[in-house]
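Undergrad: After the structure tokens below, expect a handful of questions from me.
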Amino acid sequence: MDLYHTTDAEGISELNPSAEKMRELLDSLDTRGANEVEHPDVSLVHDPSGWSLSVYPSGVVTFENFDEADDTPRFMSGITRNQALELWLELSRGEIQQVNSRPWLRDEA
């Protein structure tokens, strides 16, 4: 099993959380105001590859690789919590190509 971790809006990380814990973390986006914390997103990082999925209360999801300086972050909007959980589960299993095959947009302006 690959190592992965989540980080909540308070900056607290959890190593290899269960799908239930991931769901709770995503649901936490709806239980507090976006202005209550400095960083309103929650994220999951696949540690071996450096790929990260961050989810925002607005339904925006970003997909980026922190190990690749030249990589342009990708994003989608209108993502439901269920869709975000599906993306997180894929990334947690190391299914990078599956996640990358989604209709990501890039802001290269």
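Please note that chains go A, B, ... in the order of the structure tokens, that every chain numbers its residues from 1, and that ligands are numbered from 1 in the order shown.
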Tell me, as a list of chain:residue names, which residues lie within 9 Å of Tyr4 in chain A, counting only C-alpha atoms; anything in the same chain fewer than 2 positions away does not count.
TA: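 Everything that qualifies: A:Asp2, A:Thr6, A:Glu14, A:Leu15, A:Asn16, A:Pro17, A:Leu44, A:Val45, A:His46, A:Asp47, A:Pro48, A:Leu91, A:Ser92, A:Arg93, A:Gly94.
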Undergrad: Suppose we keep N, CA and C atoms; can you now write the selection as a tab-separated table (two decimals), in the first residue's frame?
TA:
```tsv
chain	number	residue	atom	x	y	z
A	2	ASP	N	0.55	2.19	-0.88
A	2	ASP	CA	1.28	3.45	-0.93
A	2	ASP	C	0.94	4.31	0.27
A	6	THR	N	-3.71	13.16	4.46
A	6	THR	CA	-4.62	14.28	4.29
A	6	THR	C	-4.16	15.40	5.21
A	14	GLU	N	-3.07	13.57	8.64
A	14	GLU	CA	-3.33	12.20	9.08
A	14	GLU	C	-2.81	11.26	8.02
A	15	LEU	N	-2.00	10.29	8.44
A	15	LEU	CA	-1.38	9.33	7.54
A	15	LEU	C	-2.34	8.19	7.22
A	16	ASN	N	-2.52	7.91	5.94
A	16	ASN	CA	-3.35	6.81	5.44
A	16	ASN	C	-4.74	6.73	6.10
A	17	PRO	N	-5.52	7.81	6.05
A	17	PRO	CA	-6.86	7.75	6.65
A	17	PRO	C	-7.77	6.82	5.86
A	44	LEU	N	-5.31	15.92	-0.04
A	44	LEU	CA	-4.74	14.59	0.06
A	44	LEU	C	-3.50	14.57	-0.82
A	45	VAL	N	-2.41	14.07	-0.28
A	45	VAL	CA	-1.15	13.95	-1.02
A	45	VAL	C	-0.76	12.48	-1.11
A	46	HIS	N	-0.46	12.04	-2.33
A	46	HIS	CA	0.10	10.70	-2.57
A	46	HIS	C	1.60	10.86	-2.41
A	47	ASP	N	2.12	10.42	-1.29
A	47	ASP	CA	3.51	10.71	-0.92
A	47	ASP	C	4.56	10.22	-1.91
A	48	PRO	N	4.47	8.99	-2.46
A	48	PRO	CA	5.53	8.54	-3.36
A	48	PRO	C	5.65	9.38	-4.64
A	91	LEU	N	-6.47	8.71	-5.98
A	91	LEU	CA	-5.11	9.18	-5.72
A	91	LEU	C	-4.47	8.39	-4.59
A	92	SER	N	-5.24	8.06	-3.56
A	92	SER	CA	-4.70	7.31	-2.42
A	92	SER	C	-4.21	5.92	-2.85
A	93	ARG	N	-4.81	5.37	-3.90
A	93	ARG	CA	-4.39	4.06	-4.43
A	93	ARG	C	-3.27	4.20	-5.46
A	94	GLY	N	-2.83	5.42	-5.72
A	94	GLY	CA	-1.77	5.64	-6.68
A	94	GLY	C	-2.23	5.62	-8.12
```
Undergrad: DSSP on the backbone: which residues in chain A end up as strand (DSSP E)? Give the answer as a PyMOL selection string.
TA: chain A and resi 4-7+13-15+42-46+51-55+61-65+74-76+105-106
Undergrad: With N, CA and C atoms kept, could you save the residues just selected as a compact mmCIF listing (two decimals), in the first residue's frame?
TA:
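Just written: part.txt:
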```txt
# COMPACT_ATOMS: atom_id res chain seq x y z
N TYR A 4 -0.01 7.86 1.87
CA TYR A 4 -0.68 9.10 1.50
C TYR A 4 -1.12 9.76 2.79
N HIS A 5 -1.39 11.05 2.71
CA HIS A 5 -1.87 11.73 3.90
C HIS A 5 -2.83 12.85 3.52
N THR A 6 -3.71 13.16 4.46
CA THR A 6 -4.62 14.28 4.29
C THR A 6 -4.16 15.40 5.21
N THR A 7 -4.56 16.62 4.87
CA THR A 7 -4.30 17.78 5.71
C THR A 7 -5.59 18.58 5.79
N SER A 13 -2.31 16.90 9.77
CA SER A 13 -2.22 15.81 8.81
C SER A 13 -2.54 14.47 9.46
N GLU A 14 -3.07 13.57 8.64
CA GLU A 14 -3.33 12.20 9.08
C GLU A 14 -2.81 11.26 8.02
N LEU A 15 -2.00 10.29 8.44
CA LEU A 15 -1.38 9.33 7.54
C LEU A 15 -2.34 8.19 7.22
N VAL A 42 -9.00 21.46 2.10
CA VAL A 42 -8.49 20.21 2.67
C VAL A 42 -7.82 19.47 1.51
N SER A 43 -6.79 18.69 1.81
CA SER A 43 -6.04 18.08 0.73
C SER A 43 -5.62 16.65 1.05
N LEU A 44 -5.31 15.92 -0.04
CA LEU A 44 -4.74 14.59 0.06
C LEU A 44 -3.50 14.57 -0.82
N VAL A 45 -2.41 14.07 -0.28
CA VAL A 45 -1.15 13.95 -1.02
C VAL A 45 -0.76 12.48 -1.11
N HIS A 46 -0.46 12.04 -2.33
CA HIS A 46 0.10 10.70 -2.57
C HIS A 46 1.60 10.86 -2.41
N TRP A 51 1.90 13.96 -5.97
CA TRP A 51 0.64 14.52 -6.47
C TRP A 51 -0.29 14.85 -5.32
N SER A 52 -1.00 15.97 -5.47
CA SER A 52 -1.90 16.47 -4.43
C SER A 52 -3.23 16.90 -5.03
N LEU A 53 -4.31 16.60 -4.31
CA LEU A 53 -5.65 17.07 -4.65
C LEU A 53 -6.14 17.92 -3.49
N SER A 54 -6.42 19.20 -3.76
CA SER A 54 -6.97 20.10 -2.74
C SER A 54 -8.41 20.41 -3.09
N VAL A 55 -9.28 20.37 -2.08
CA VAL A 55 -10.71 20.60 -2.27
C VAL A 55 -11.10 21.84 -1.46
N VAL A 61 -11.54 22.02 -7.17
CA VAL A 61 -10.52 21.03 -6.82
C VAL A 61 -9.28 21.33 -7.65
N THR A 62 -8.12 21.34 -7.00
CA THR A 62 -6.87 21.52 -7.73
C THR A 62 -6.07 20.23 -7.67
N PHE A 63 -5.32 19.97 -8.73
CA PHE A 63 -4.49 18.77 -8.87
C PHE A 63 -3.12 19.23 -9.30
N GLU A 64 -2.13 19.00 -8.47
CA GLU A 64 -0.79 19.47 -8.80
C GLU A 64 0.27 18.56 -8.19
N ASN A 65 1.47 18.67 -8.75
CA ASN A 65 2.58 17.87 -8.27
C ASN A 65 3.63 18.80 -7.68
N ARG A 74 -3.61 22.00 -12.21
CA ARG A 74 -4.85 21.80 -12.94
C ARG A 74 -6.00 22.05 -11.97
N PHE A 75 -7.18 22.35 -12.50
CA PHE A 75 -8.32 22.56 -11.62
C PHE A 75 -9.62 22.19 -12.31
N MET A 76 -10.63 21.91 -11.51
CA MET A 76 -12.01 21.72 -11.95
C MET A 76 -12.89 22.45 -10.95
N LEU A 105 -8.68 21.66 -16.14
CA LEU A 105 -8.37 22.91 -16.85
C LEU A 105 -7.05 23.43 -16.31
N ARG A 106 -6.36 24.21 -17.13
CA ARG A 106 -5.11 24.83 -16.70
C ARG A 106 -5.22 26.33 -16.98
```
Undergrad: Name the residues in contact with range 66-68 of chain A at a cut-off of 6 Å, using only C-alpha atoms, excluding same-chain residues fewer than 2 positions from it; report them as a list of chain:residue names.
TA: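 Those residues are A:Gly50, A:Asp70, A:Asp71.
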Undergrad: Fewer than 4 positions away in the same chain doesn't count, so skip those; otherwise give me all residues within 12 Å of Asp27 in chain A, counting only C-alpha atoms, as a list of chain:residue names.
TA: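 Final neighbour list, sorted by chain and number: A:Asp8, A:Ala9, A:Glu20, A:Lys21, A:Met22, A:Arg23, A:Thr31, A:Arg32, A:Asp41, A:Val42, A:Val55, A:Tyr56, A:Pro57, A:Gly59, A:Thr80, A:Arg81, A:Asn82, A:Ala84, A:Leu85.
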Undergrad: I need the alpha helix (DSSP H) residues of range 21-78 of chain A per DSSP on the backbone, written as number ranges by chain.
TA: A: 21-27
Undergrad: Using only C-alpha atoms, find the one residue out of A:His39, A:Arg102, A:Ser58, A:Pro73 that sits nearest to Glu90 in chain A.
TA: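 For Glu90 in chain A, the nearest of the candidates is A:Arg102.
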